[in-house]
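J.: Sharing my_file.cif here; it has mmCIF, C-alpha atoms.
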data_target
loop_
_atom_site.label_atom_id
_atom_site.label_comp_id
_atom_site.auth_asym_id
_atom_site.auth_seq_id
_atom_site.Cartn_x
_atom_site.Cartn_y
_atom_site.Cartn_z
CA GLU L 41 0.39 -22.21 -8.47
CA THR L 42 -1.69 -19.55 -10.22
CA ALA L 43 -0.43 -20.05 -13.76
CA PHE L 44 -1.13 -23.76 -14.19
CA THR L 45 -3.95 -26.15 -13.38
CA GLN L 46 -3.58 -28.49 -10.43
CA ASP L 47 -3.85 -31.43 -12.82
CA LEU L 48 -0.85 -30.20 -14.79
CA LEU L 49 1.16 -29.37 -11.66
CA ASN L 50 0.52 -32.83 -10.19
CA LYS L 51 1.31 -34.63 -13.44
CA ASP L 52 4.29 -36.98 -13.51
CA TYR L 53 7.27 -35.25 -15.09
CA ASP L 54 10.11 -37.65 -14.47
CA ASN L 55 12.21 -37.56 -17.66
CA ASP L 56 15.67 -36.60 -18.91
CA ASN L 57 14.77 -32.88 -18.88
CA SER L 58 13.08 -32.92 -15.47
CA PHE L 59 14.15 -31.29 -12.23
CA GLY L 60 11.44 -33.09 -10.24
CA LYS L 61 9.07 -36.04 -10.23
CA THR L 62 6.00 -33.87 -10.91
CA TYR L 63 5.60 -30.78 -13.07
CA ARG L 64 5.14 -28.76 -9.86
CA GLU L 65 8.49 -29.99 -8.48
CA HIS L 66 10.11 -29.29 -11.85
CA LYS L 67 8.77 -25.72 -11.96
CA GLU L 68 9.61 -25.03 -8.30
CA ALA L 69 13.21 -26.10 -8.90
CA LEU L 70 13.49 -23.65 -11.81
CA GLU L 71 11.62 -20.63 -10.45
CA LEU L 72 13.41 -17.66 -8.93
CA ASN L 73 12.00 -15.45 -6.21
CA ILE L 74 11.74 -11.67 -6.68
CA GLU L 75 14.96 -11.05 -4.73
CA GLN L 76 16.91 -13.37 -7.04
CA ILE L 77 15.31 -11.72 -10.07
CA GLN L 78 16.22 -8.29 -8.74
CA GLU L 79 19.81 -9.48 -8.23
CA LEU L 80 19.93 -10.64 -11.87
CA LYS L 81 18.51 -7.30 -13.00
CA LYS L 82 21.21 -5.39 -11.08
CA PHE L 83 23.91 -7.64 -12.52
CA SER L 84 22.50 -7.14 -16.03
CA GLU L 85 22.53 -3.38 -15.60
CA LYS L 86 26.12 -3.55 -14.33
CA MET L 87 26.98 -5.41 -17.56
CA ASN L 88 25.06 -2.78 -19.60
CA LEU L 89 22.39 -5.31 -20.60
CA THR L 90 18.63 -4.87 -20.64
CA PHE L 91 17.06 -7.32 -18.21
CA PHE L 92 13.64 -8.84 -18.74
CA SER L 93 11.68 -11.83 -17.56
CA THR L 94 8.42 -13.56 -18.40
CA ALA L 95 5.30 -12.93 -16.34
CA PHE L 96 3.13 -16.05 -16.11
CA ASP L 97 0.23 -14.28 -14.40
CA LYS L 98 -0.80 -10.84 -13.15
CA ILE L 99 0.85 -11.44 -9.78
CA SER L 100 4.26 -12.02 -11.36
CA LEU L 101 3.65 -9.11 -13.74
CA ASP L 102 3.12 -6.83 -10.73
CA LYS L 103 6.35 -8.14 -9.17
CA LEU L 104 8.29 -7.47 -12.38
CA GLU L 105 6.78 -4.01 -12.57
CA SER L 106 7.88 -3.38 -8.96
CA ILE L 107 11.52 -3.72 -10.06
CA ASP L 108 10.89 -1.51 -13.12
CA GLN L 109 11.52 -4.09 -15.78
CA GLU L 110 11.93 -2.32 -19.15
CA ILE L 111 10.56 -5.03 -21.47
CA HIS L 112 8.00 -7.78 -20.94
CA LYS L 113 8.02 -11.23 -22.51
CA ILE L 114 4.93 -13.27 -23.21
CA SER L 115 5.59 -17.00 -23.31
CA SER L 116 4.26 -19.30 -26.00
CA PHE L 117 2.07 -20.84 -23.32
CA HIS L 118 0.36 -17.48 -22.73
CA VAL L 119 -0.39 -16.29 -26.28
CA THR L 120 -4.03 -17.23 -25.64
CA ASP L 121 -4.17 -15.59 -22.18
CA LEU L 122 -5.65 -12.38 -23.54
CA ASP L 123 -6.26 -10.94 -20.04
CA LEU L 124 -2.55 -11.28 -19.23
CA ILE L 125 -1.59 -9.82 -22.61
CA GLU L 126 -3.86 -6.84 -21.99
CA ALA L 127 -2.35 -6.34 -18.51
CA VAL L 128 1.14 -6.42 -20.04
CA CYS L 129 0.04 -3.92 -22.70
CA LYS L 130 -1.16 -1.51 -20.02
CA THR L 131 2.45 -1.16 -18.82
CA LYS L 132 3.14 0.61 -22.16
CA LYS L 133 6.46 -1.22 -22.33
CA PRO L 134 7.86 -3.12 -25.33
CA ILE L 135 6.75 -6.75 -25.63
CA ILE L 136 8.55 -9.84 -26.88
CA MET L 137 6.10 -12.66 -27.62
CA SER L 138 6.97 -16.29 -28.36
CA THR L 139 4.60 -18.24 -30.61
CA GLY L 140 5.23 -21.95 -30.00
CA MET L 141 2.03 -24.01 -29.72
CA SER L 142 0.02 -21.13 -31.27
CA THR L 143 -2.13 -21.09 -34.37
CA ILE L 144 -1.88 -18.13 -36.70
CA GLU L 145 -5.39 -17.10 -35.57
CA GLU L 146 -4.29 -17.09 -31.93
CA ILE L 147 -1.25 -14.99 -32.82
CA ASP L 148 -3.53 -12.63 -34.81
CA GLU L 149 -5.75 -12.15 -31.73
CA ALA L 150 -2.80 -11.39 -29.44
CA VAL L 151 -1.18 -9.04 -31.95
CA LYS L 152 -4.48 -7.19 -32.42
CA ILE L 153 -4.66 -6.44 -28.68
CA ILE L 154 -1.00 -5.39 -28.54
CA ASN L 155 -1.43 -3.14 -31.59
CA ASN L 156 -4.55 -1.57 -30.06
CA TYR L 157 -2.42 -0.46 -27.09
CA GLY L 158 0.45 0.66 -29.33
CA ASN L 159 3.20 -1.31 -27.61
CA GLN L 160 6.36 -2.04 -29.55
CA LEU L 161 6.38 -5.73 -30.42
CA VAL L 162 8.85 -8.44 -31.37
CA ILE L 163 7.32 -11.79 -32.33
CA LEU L 164 9.52 -14.86 -31.88
CA HIS L 165 9.13 -17.98 -33.99
CA CYS L 166 9.29 -20.84 -31.51
CA VAL L 167 8.75 -24.58 -31.51
CA SER L 168 7.65 -25.79 -28.09
CA SER L 169 9.36 -29.14 -27.88
CA TYR L 170 12.30 -29.74 -25.59
CA PRO L 171 14.69 -30.28 -27.19
CA THR L 172 13.48 -29.34 -30.66
CA HIS L 173 14.68 -31.67 -33.41
CA LEU L 174 16.05 -30.16 -36.62
CA LYS L 175 13.26 -31.69 -38.71
CA ASP L 176 10.64 -29.83 -36.61
CA MET L 177 12.08 -26.30 -36.67
CA ASN L 178 10.25 -24.96 -39.73
CA LEU L 179 12.39 -21.82 -39.84
CA LYS L 180 10.52 -20.49 -42.87
CA VAL L 181 7.77 -19.51 -40.45
CA ILE L 182 10.02 -16.55 -39.66
CA LEU L 183 9.35 -15.30 -43.21
CA THR L 184 5.60 -15.86 -42.77
CA LEU L 185 5.56 -13.89 -39.52
CA LYS L 186 7.65 -11.14 -41.13
CA ASP L 187 5.19 -10.85 -44.04
CA ARG L 188 2.05 -11.04 -41.88
CA TYR L 189 2.82 -8.64 -39.03
CA ASN L 190 4.20 -5.13 -39.07
CA CYS L 191 6.81 -5.68 -36.36
CA LEU L 192 10.23 -7.09 -35.68
CA ILE L 193 10.63 -10.87 -35.82
CA GLY L 194 13.00 -13.12 -33.90
CA TYR L 195 13.62 -16.70 -32.91
CA SER L 196 13.29 -18.59 -29.64
CA GLY L 197 15.00 -21.96 -29.87
CA HIS L 198 15.05 -25.07 -27.76
CA GLU L 199 17.41 -27.12 -29.91
CA THR L 200 20.72 -28.53 -28.76
CA SER L 201 22.73 -27.24 -31.73
CA VAL L 202 24.54 -23.91 -31.34
CA ASN L 203 24.38 -23.20 -35.08
CA ILE L 204 20.63 -22.83 -35.64
CA ALA L 205 19.76 -19.69 -33.66
CA PRO L 206 22.43 -17.45 -35.23
CA SER L 207 21.53 -18.72 -38.69
CA THR L 208 17.96 -17.43 -38.30
CA VAL L 209 19.37 -13.95 -38.92
CA LEU L 210 19.49 -15.01 -42.58
CA TYR L 211 15.67 -15.23 -42.44
CA GLY L 212 15.42 -11.79 -40.84
CA SER L 213 15.54 -12.54 -37.13
CA CYS L 214 16.64 -9.54 -35.13
CA VAL L 215 16.21 -11.14 -31.69
CA ILE L 216 17.46 -14.57 -30.66
#
Since I need it in another form, could you write the structure as C-alpha coordinates?
T.:
Amino acid sequence: ETAFTQDLLNKDYDNDNSFGKTYREHKEALELNIEQIQELKKFSEKMNLTFFSTAFDKISLDKLESIDQEIHKISSFHVTDLDLIEAVCKTKKPIIMSTGMSTIEEIDEAVKIINNYGNQLVILHCVSSYPTHLKDMNLKVILTLKDRYNCLIGYSGHETSVNIAPSTVLYGSCVI
(Lines of atoms letter the chains of each structure in order from A and count residues from 1; the text may use other names and numbers.)
(Lines give C-alpha, C1' and ligand atoms only; values in the text may rest on other atoms or scores of the structure.)
Protein backbone atom coordinates (compact mmCIF):
# COMPACT_ATOMS: atom_id res chain seq x y z
CA GLU A 1 0.00 0.00 0.00
CA THR A 2 2.90 2.38 0.61
CA ALA A 3 5.03 1.52 -2.41
CA PHE A 4 2.49 2.11 -5.18
CA THR A 5 -0.12 4.72 -6.03
CA GLN A 6 -3.77 3.90 -5.43
CA ASP A 7 -4.39 4.32 -9.17
CA LEU A 8 -1.84 1.63 -9.96
CA LEU A 9 -3.09 -0.69 -7.22
CA ASN A 10 -6.70 -0.38 -8.42
CA LYS A 11 -5.78 -0.86 -12.08
CA ASP A 12 -7.14 -3.91 -13.88
CA TYR A 13 -4.48 -6.61 -14.05
CA ASP A 14 -6.36 -9.60 -15.37
CA ASN A 15 -3.94 -11.31 -17.78
CA ASP A 16 -2.02 -14.56 -18.26
CA ASN A 17 0.61 -13.51 -15.69
CA SER A 18 -1.87 -12.23 -13.10
CA PHE A 19 -2.71 -13.61 -9.67
CA GLY A 20 -5.65 -11.22 -9.26
CA LYS A 21 -8.10 -9.00 -11.10
CA THR A 22 -6.38 -5.78 -9.96
CA TYR A 23 -2.70 -5.00 -9.46
CA ARG A 24 -3.40 -4.83 -5.70
CA GLU A 25 -4.85 -8.36 -5.71
CA HIS A 26 -1.92 -9.55 -7.81
CA LYS A 27 0.65 -8.06 -5.42
CA GLU A 28 -1.18 -9.28 -2.31
CA ALA A 29 -1.18 -12.84 -3.67
CA LEU A 30 2.59 -12.67 -4.19
CA GLU A 31 3.72 -10.84 -1.05
CA LEU A 32 5.10 -12.67 1.96
CA ASN A 33 4.77 -11.49 5.54
CA ILE A 34 7.85 -11.02 7.75
CA GLU A 35 7.37 -14.41 9.42
CA GLN A 36 7.41 -16.17 6.04
CA ILE A 37 10.46 -14.17 5.01
CA GLN A 38 12.21 -15.08 8.24
CA GLU A 39 11.38 -18.75 7.61
CA LEU A 40 12.96 -18.49 4.14
CA LYS A 41 16.02 -16.81 5.64
CA LYS A 42 16.45 -19.63 8.17
CA PHE A 43 16.05 -22.24 5.44
CA SER A 44 18.59 -20.41 3.27
CA GLU A 45 21.09 -20.33 6.11
CA LYS A 46 20.52 -24.04 6.73
CA MET A 47 21.38 -24.60 3.04
CA ASN A 48 24.47 -22.36 3.42
CA LEU A 49 22.97 -19.69 1.13
CA THR A 50 22.91 -15.94 1.62
CA PHE A 51 19.31 -14.77 1.86
CA PHE A 52 18.16 -11.37 0.63
CA SER A 53 14.95 -9.70 -0.38
CA THR A 54 13.87 -6.44 -1.98
CA ALA A 55 12.62 -3.56 0.14
CA PHE A 56 9.93 -1.56 -1.66
CA ASP A 57 9.79 1.19 0.96
CA LYS A 58 11.39 2.22 4.25
CA ILE A 59 8.89 0.16 6.24
CA SER A 60 9.87 -3.07 4.49
CA LEU A 61 13.55 -2.06 4.72
CA ASP A 62 13.18 -1.79 8.50
CA LYS A 63 11.52 -5.23 8.59
CA LEU A 64 14.36 -6.75 6.57
CA GLU A 65 16.89 -5.08 8.84
CA SER A 66 15.07 -6.57 11.86
CA ILE A 67 15.95 -10.07 10.61
CA ASP A 68 19.55 -8.99 9.88
CA GLN A 69 19.48 -9.42 6.13
CA GLU A 70 23.07 -9.36 4.82
CA ILE A 71 22.46 -7.84 1.36
CA HIS A 72 19.79 -5.48 0.05
CA LYS A 73 18.29 -5.46 -3.42
CA ILE A 74 16.90 -2.40 -5.14
CA SER A 75 14.29 -3.21 -7.75
CA SER A 76 14.23 -1.67 -11.21
CA PHE A 77 11.06 0.12 -10.14
CA HIS A 78 12.97 1.90 -7.35
CA VAL A 79 16.12 3.10 -9.12
CA THR A 80 14.60 6.60 -9.08
CA ASP A 81 13.51 6.41 -5.41
CA LEU A 82 16.61 8.17 -4.17
CA ASP A 83 15.29 8.43 -0.58
CA LEU A 84 14.91 4.64 -0.43
CA ILE A 85 18.34 4.14 -2.00
CA GLU A 86 19.88 6.45 0.59
CA ALA A 87 18.10 4.57 3.41
CA VAL A 88 19.45 1.28 2.02
CA CYS A 89 22.94 2.79 1.80
CA LYS A 90 22.81 3.77 5.47
CA THR A 91 22.67 0.07 6.39
CA LYS A 92 26.27 -0.16 5.08
CA LYS A 93 25.40 -3.51 3.52
CA PRO A 94 26.14 -4.63 -0.05
CA ILE A 95 23.53 -3.65 -2.64
CA ILE A 96 22.27 -5.42 -5.75
CA MET A 97 20.41 -3.02 -8.05
CA SER A 98 18.32 -3.96 -11.09
CA THR A 99 18.11 -1.43 -13.92
CA GLY A 100 15.03 -2.28 -16.00
CA MET A 101 12.97 0.77 -16.99
CA SER A 102 15.91 3.07 -16.09
CA THR A 103 17.76 5.56 -18.23
CA ILE A 104 21.52 5.71 -17.97
CA GLU A 105 21.16 9.11 -16.24
CA GLU A 106 18.86 7.59 -13.61
CA ILE A 107 21.34 4.78 -13.03
CA ASP A 108 24.15 7.36 -12.78
CA GLU A 109 22.22 9.23 -10.06
CA ALA A 110 21.58 6.07 -8.03
CA VAL A 111 25.17 4.85 -8.39
CA LYS A 112 26.49 8.27 -7.31
CA ILE A 113 24.53 8.04 -4.04
CA ILE A 114 25.62 4.44 -3.44
CA ASN A 115 29.26 5.32 -4.15
CA ASN A 116 29.06 8.30 -1.78
CA TYR A 117 28.15 5.89 1.03
CA GLY A 118 30.77 3.35 -0.03
CA ASN A 119 28.47 0.34 -0.24
CA GLN A 120 29.57 -2.61 -2.35
CA LEU A 121 27.42 -2.68 -5.48
CA VAL A 122 26.33 -5.13 -8.14
CA ILE A 123 24.32 -3.66 -11.01
CA LEU A 124 22.00 -6.01 -12.87
CA HIS A 125 21.04 -5.51 -16.50
CA CYS A 126 17.30 -6.09 -16.60
CA VAL A 127 14.48 -5.71 -19.08
CA SER A 128 11.19 -5.07 -17.31
CA SER A 129 8.76 -6.94 -19.51
CA TYR A 130 7.12 -10.14 -18.39
CA PRO A 131 8.05 -12.35 -20.07
CA THR A 132 10.91 -10.71 -21.92
CA HIS A 133 11.15 -11.68 -25.59
CA LEU A 134 14.55 -12.60 -27.03
CA LYS A 135 14.50 -9.65 -29.44
CA ASP A 136 14.19 -7.22 -26.49
CA MET A 137 17.00 -8.49 -24.24
CA ASN A 138 19.82 -6.26 -25.50
CA LEU A 139 22.45 -8.24 -23.59
CA LYS A 140 25.24 -5.97 -24.82
CA VAL A 141 24.06 -3.48 -22.21
CA ILE A 142 25.97 -5.68 -19.78
CA LEU A 143 29.17 -4.55 -21.52
CA THR A 144 28.06 -0.91 -21.35
CA LEU A 145 27.36 -1.16 -17.63
CA LYS A 146 30.68 -2.92 -17.09
CA ASP A 147 32.56 -0.13 -18.90
CA ARG A 148 30.64 2.72 -17.26
CA TYR A 149 30.61 1.73 -13.58
CA ASN A 150 33.38 0.51 -11.34
CA CYS A 151 31.46 -2.41 -9.85
CA LEU A 152 30.34 -5.95 -10.49
CA ILE A 153 27.68 -6.49 -13.16
CA GLY A 154 25.01 -9.16 -13.39
CA TYR A 155 21.77 -10.05 -15.10
CA SER A 156 18.16 -10.18 -13.94
CA GLY A 157 16.01 -11.99 -16.47
CA HIS A 158 12.32 -12.42 -17.01
CA GLU A 159 12.49 -14.60 -20.11
CA THR A 160 11.04 -18.08 -20.40
CA SER A 161 14.19 -19.67 -21.84
CA VAL A 162 16.59 -21.38 -19.42
CA ASN A 163 19.59 -20.75 -21.70
CA ILE A 164 19.82 -16.95 -21.64
CA ALA A 165 20.73 -16.18 -18.01
CA PRO A 166 23.72 -18.55 -17.83
CA SER A 167 24.99 -17.31 -21.18
CA THR A 168 25.29 -13.75 -19.82
CA VAL A 169 28.42 -14.94 -18.02
CA LEU A 170 30.09 -14.67 -21.44
CA TYR A 171 29.42 -10.91 -21.27
CA GLY A 172 30.87 -10.70 -17.76
CA SER A 173 27.85 -11.28 -15.53
CA CYS A 174 28.87 -12.48 -12.10
CA VAL A 175 25.35 -12.52 -10.62
CA ILE A 176 22.27 -14.03 -12.23
J.: Residues near range 135-152 of chain L, anyone? I mean within 7 Å using all atoms listed in the file, not counting same-chain ones fewer than 6 positions away, as a PyMOL selection string.
T.: chain L and resi 111-116+119-120+122+159-168+196
J.: For each of L:Asn73, L:Pro171, L:His66, L:Pro206, take the minimum atom-to-atom distance to Asn50 in chain L, counting only C-alpha atoms, then give the residue where this is smallest.
T.: L:His66
J.: Closest to Lys130 in chain L among L:Lys51, L:His118, L:Lys98, L:Lys103, using all atoms listed in the file?
T.: L:Lys98
J.: One decimal, Å: what's the distance from CA of Glu110 in chain L over to CA of Lys133 in chain L, could you say?
T.: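 These atoms are spaced 6.4 Å apart.
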J.: Return the single residue from L:Asn190, L:Met87, L:Lys180, L:Ser93 that is closest to Leu210 in chain L, with distances computed using all atoms listed in the file.
T.: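 With all atoms listed in the file as the atom set, the closest residue is L:Lys180.
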J.: Hey, can you check how far CA of Phe91 in chain L sits from CA of Thr200 in chain L?
T.: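 Taking CA of Phe91 in chain L and CA of Thr200 in chain L, their separation equals 24.0 Å.
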J.: Could you state the separation of CA of Leu48 in chain L and CA of Ala69 in chain L in Å, given to one decimal place?
T.: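 One can read the CA of Leu48 in chain L to CA of Ala69 in chain L distance as 15.8 Å.
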J.: Need the axis-aligned box for range 169-172 of chain L with 8 Å each side, so what are the centre and edges in Å to one decimal, as AutoDock Vina command-line options?
T.:
--center_x 12.0 --center_y -29.7 --center_z -28.1 --size_x 21.3 --size_y 17.1 --size_z 21.1
J.: I'd like the neighbourhood of Asp102 in chain L as a short mmCIF file (atom, residue, chain, number, x, y, z; two decimals) with C-alpha atoms, keeping the file's coordinate frame, where a residue qualifies if any of its atoms comes within 12 Å (using only C-alpha atoms), though same-chain residues fewer than 5 positions away should be ignored.
T.:
data_model
loop_
_atom_site.label_atom_id
_atom_site.label_comp_id
_atom_site.auth_asym_id
_atom_site.auth_seq_id
_atom_site.Cartn_x
_atom_site.Cartn_y
_atom_site.Cartn_z
CA ILE L 74 11.74 -11.67 -6.68
CA THR L 94 8.42 -13.56 -18.40
CA ALA L 95 5.30 -12.93 -16.34
CA PHE L 96 3.13 -16.05 -16.11
CA ASP L 97 0.23 -14.28 -14.40
CA ILE L 107 11.52 -3.72 -10.06
CA ASP L 108 10.89 -1.51 -13.12
CA GLN L 109 11.52 -4.09 -15.78
CA HIS L 112 8.00 -7.78 -20.94
CA LEU L 124 -2.55 -11.28 -19.23
CA ALA L 127 -2.35 -6.34 -18.51
CA VAL L 128 1.14 -6.42 -20.04
CA LYS L 130 -1.16 -1.51 -20.02
CA THR L 131 2.45 -1.16 -18.82
#
J.: For Gly194 in chain L, find every residue with an atom within 6 Å (counting only C-alpha atoms), except residues of its own chain fewer than 3 positions away, and show them as a ChimeraX atom specification.
T.: /L:164,213-216
J.: Which is closer to Asp121 in chain L than all the others in L:Cys191, L:Ile153, L:Leu104, L:Ile204, using only C-alpha atoms?
T.: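 That would be L:Ile153, the residue with the smallest distance to Asp121 in chain L.
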J.: Neighbouring residues of Asp47 in chain L were defined as those with any atom within 12 Å, considering all atoms listed in the file; residues of the same chain fewer than 6 positions away were excluded. Please report them as an MDAnalysis selection string.
T.: chainID L and resid 41 53 62:64
J.: Provide range 59-77 of chain L rebuilt to N, CA, C and O atoms, formatted as a PDB file, in the coordinates of the input.
T.:
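Result went into result-v6.pdb, see below:
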ATOM      1  N   PHE L  59      13.496 -31.638 -13.484  1.00  0.00           N
ATOM      2  CA  PHE L  59      14.150 -31.290 -12.230  1.00  0.00           C
ATOM      3  C   PHE L  59      13.291 -31.724 -11.041  1.00  0.00           C
ATOM      4  O   PHE L  59      13.470 -31.252  -9.927  1.00  0.00           O
ATOM      5  N   GLY L  60      12.310 -32.594 -11.296  1.00  0.00           N
ATOM      6  CA  GLY L  60      11.440 -33.090 -10.240  1.00  0.00           C
ATOM      7  C   GLY L  60      10.567 -34.207 -10.751  1.00  0.00           C
ATOM      8  O   GLY L  60      10.458 -34.429 -11.959  1.00  0.00           O
ATOM      9  N   LYS L  61       9.919 -34.912  -9.832  1.00  0.00           N
ATOM     10  CA  LYS L  61       9.070 -36.040 -10.230  1.00  0.00           C
ATOM     11  C   LYS L  61       7.729 -35.590 -10.794  1.00  0.00           C
ATOM     12  O   LYS L  61       7.138 -36.279 -11.603  1.00  0.00           O
ATOM     13  N   THR L  62       7.241 -34.423 -10.360  1.00  0.00           N
ATOM     14  CA  THR L  62       6.000 -33.870 -10.910  1.00  0.00           C
ATOM     15  C   THR L  62       6.333 -32.554 -11.604  1.00  0.00           C
ATOM     16  O   THR L  62       7.410 -31.977 -11.400  1.00  0.00           O
ATOM     17  N   TYR L  63       5.377 -32.057 -12.397  1.00  0.00           N
ATOM     18  CA  TYR L  63       5.600 -30.780 -13.070  1.00  0.00           C
ATOM     19  C   TYR L  63       5.741 -29.660 -12.043  1.00  0.00           C
ATOM     20  O   TYR L  63       6.523 -28.737 -12.226  1.00  0.00           O
ATOM     21  N   ARG L  64       5.019 -29.744 -10.935  1.00  0.00           N
ATOM     22  CA  ARG L  64       5.140 -28.760  -9.860  1.00  0.00           C
ATOM     23  C   ARG L  64       6.585 -28.739  -9.325  1.00  0.00           C
ATOM     24  O   ARG L  64       7.196 -27.678  -9.209  1.00  0.00           O
ATOM     25  N   GLU L  65       7.121 -29.912  -8.996  1.00  0.00           N
ATOM     26  CA  GLU L  65       8.490 -29.990  -8.480  1.00  0.00           C
ATOM     27  C   GLU L  65       9.489 -29.454  -9.508  1.00  0.00           C
ATOM     28  O   GLU L  65      10.448 -28.764  -9.152  1.00  0.00           O
ATOM     29  N   HIS L  66       9.255 -29.773 -10.767  1.00  0.00           N
ATOM     30  CA  HIS L  66      10.110 -29.290 -11.850  1.00  0.00           C
ATOM     31  C   HIS L  66      10.090 -27.758 -11.887  1.00  0.00           C
ATOM     32  O   HIS L  66      11.146 -27.117 -11.914  1.00  0.00           O
ATOM     33  N   LYS L  67       8.892 -27.176 -11.886  1.00  0.00           N
ATOM     34  CA  LYS L  67       8.770 -25.720 -11.960  1.00  0.00           C
ATOM     35  C   LYS L  67       9.352 -25.054 -10.712  1.00  0.00           C
ATOM     36  O   LYS L  67      10.030 -24.031 -10.808  1.00  0.00           O
ATOM     37  N   GLU L  68       9.087 -25.617  -9.541  1.00  0.00           N
ATOM     38  CA  GLU L  68       9.610 -25.030  -8.300  1.00  0.00           C
ATOM     39  C   GLU L  68      11.132 -25.016  -8.290  1.00  0.00           C
ATOM     40  O   GLU L  68      11.745 -24.071  -7.774  1.00  0.00           O
ATOM     41  N   ALA L  69      11.749 -26.039  -8.846  1.00  0.00           N
ATOM     42  CA  ALA L  69      13.210 -26.100  -8.900  1.00  0.00           C
ATOM     43  C   ALA L  69      13.784 -25.029  -9.818  1.00  0.00           C
ATOM     44  O   ALA L  69      14.915 -24.565  -9.621  1.00  0.00           O
ATOM     45  N   LEU L  70      13.006 -24.620 -10.819  1.00  0.00           N
ATOM     46  CA  LEU L  70      13.490 -23.650 -11.810  1.00  0.00           C
ATOM     47  C   LEU L  70      13.130 -22.206 -11.492  1.00  0.00           C
ATOM     48  O   LEU L  70      13.775 -21.288 -11.996  1.00  0.00           O
ATOM     49  N   GLU L  71      12.101 -21.984 -10.701  1.00  0.00           N
ATOM     50  CA  GLU L  71      11.620 -20.630 -10.450  1.00  0.00           C
ATOM     51  C   GLU L  71      12.532 -19.854  -9.516  1.00  0.00           C
ATOM     52  O   GLU L  71      13.088 -20.406  -8.570  1.00  0.00           O
ATOM     53  N   LEU L  72      12.649 -18.564  -9.779  1.00  0.00           N
ATOM     54  CA  LEU L  72      13.410 -17.660  -8.930  1.00  0.00           C
ATOM     55  C   LEU L  72      12.441 -16.782  -8.146  1.00  0.00           C
ATOM     56  O   LEU L  72      11.373 -16.436  -8.651  1.00  0.00           O
ATOM     57  N   ASN L  73      12.831 -16.389  -6.954  1.00  0.00           N
ATOM     58  CA  ASN L  73      12.000 -15.450  -6.210  1.00  0.00           C
ATOM     59  C   ASN L  73      12.339 -14.026  -6.648  1.00  0.00           C
ATOM     60  O   ASN L  73      13.318 -13.807  -7.381  1.00  0.00           O
ATOM     61  N   ILE L  74      11.568 -13.045  -6.196  1.00  0.00           N
ATOM     62  CA  ILE L  74      11.740 -11.670  -6.680  1.00  0.00           C
ATOM     63  C   ILE L  74      13.104 -11.103  -6.279  1.00  0.00           C
ATOM     64  O   ILE L  74      13.694 -10.312  -7.022  1.00  0.00           O
ATOM     65  N   GLU L  75      13.637 -11.517  -5.141  1.00  0.00           N
ATOM     66  CA  GLU L  75      14.960 -11.050  -4.730  1.00  0.00           C
ATOM     67  C   GLU L  75      16.049 -11.554  -5.679  1.00  0.00           C
ATOM     68  O   GLU L  75      16.972 -10.820  -6.043  1.00  0.00           O
ATOM     69  N   GLN L  76      15.935 -12.811  -6.093  1.00  0.00           N
ATOM     70  CA  GLN L  76      16.910 -13.370  -7.040  1.00  0.00           C
ATOM     71  C   GLN L  76      16.764 -12.686  -8.406  1.00  0.00           C
ATOM     72  O   GLN L  76      17.772 -12.412  -9.074  1.00  0.00           O
ATOM     73  N   ILE L  77      15.537 -12.406  -8.798  1.00  0.00           N
ATOM     74  CA  ILE L  77      15.310 -11.720 -10.070  1.00  0.00           C
ATOM     75  C   ILE L  77      15.884 -10.312 -10.018  1.00  0.00           C
ATOM     76  O   ILE L  77      16.536  -9.850 -10.964  1.00  0.00           O
TER      77      ILE L  77
END
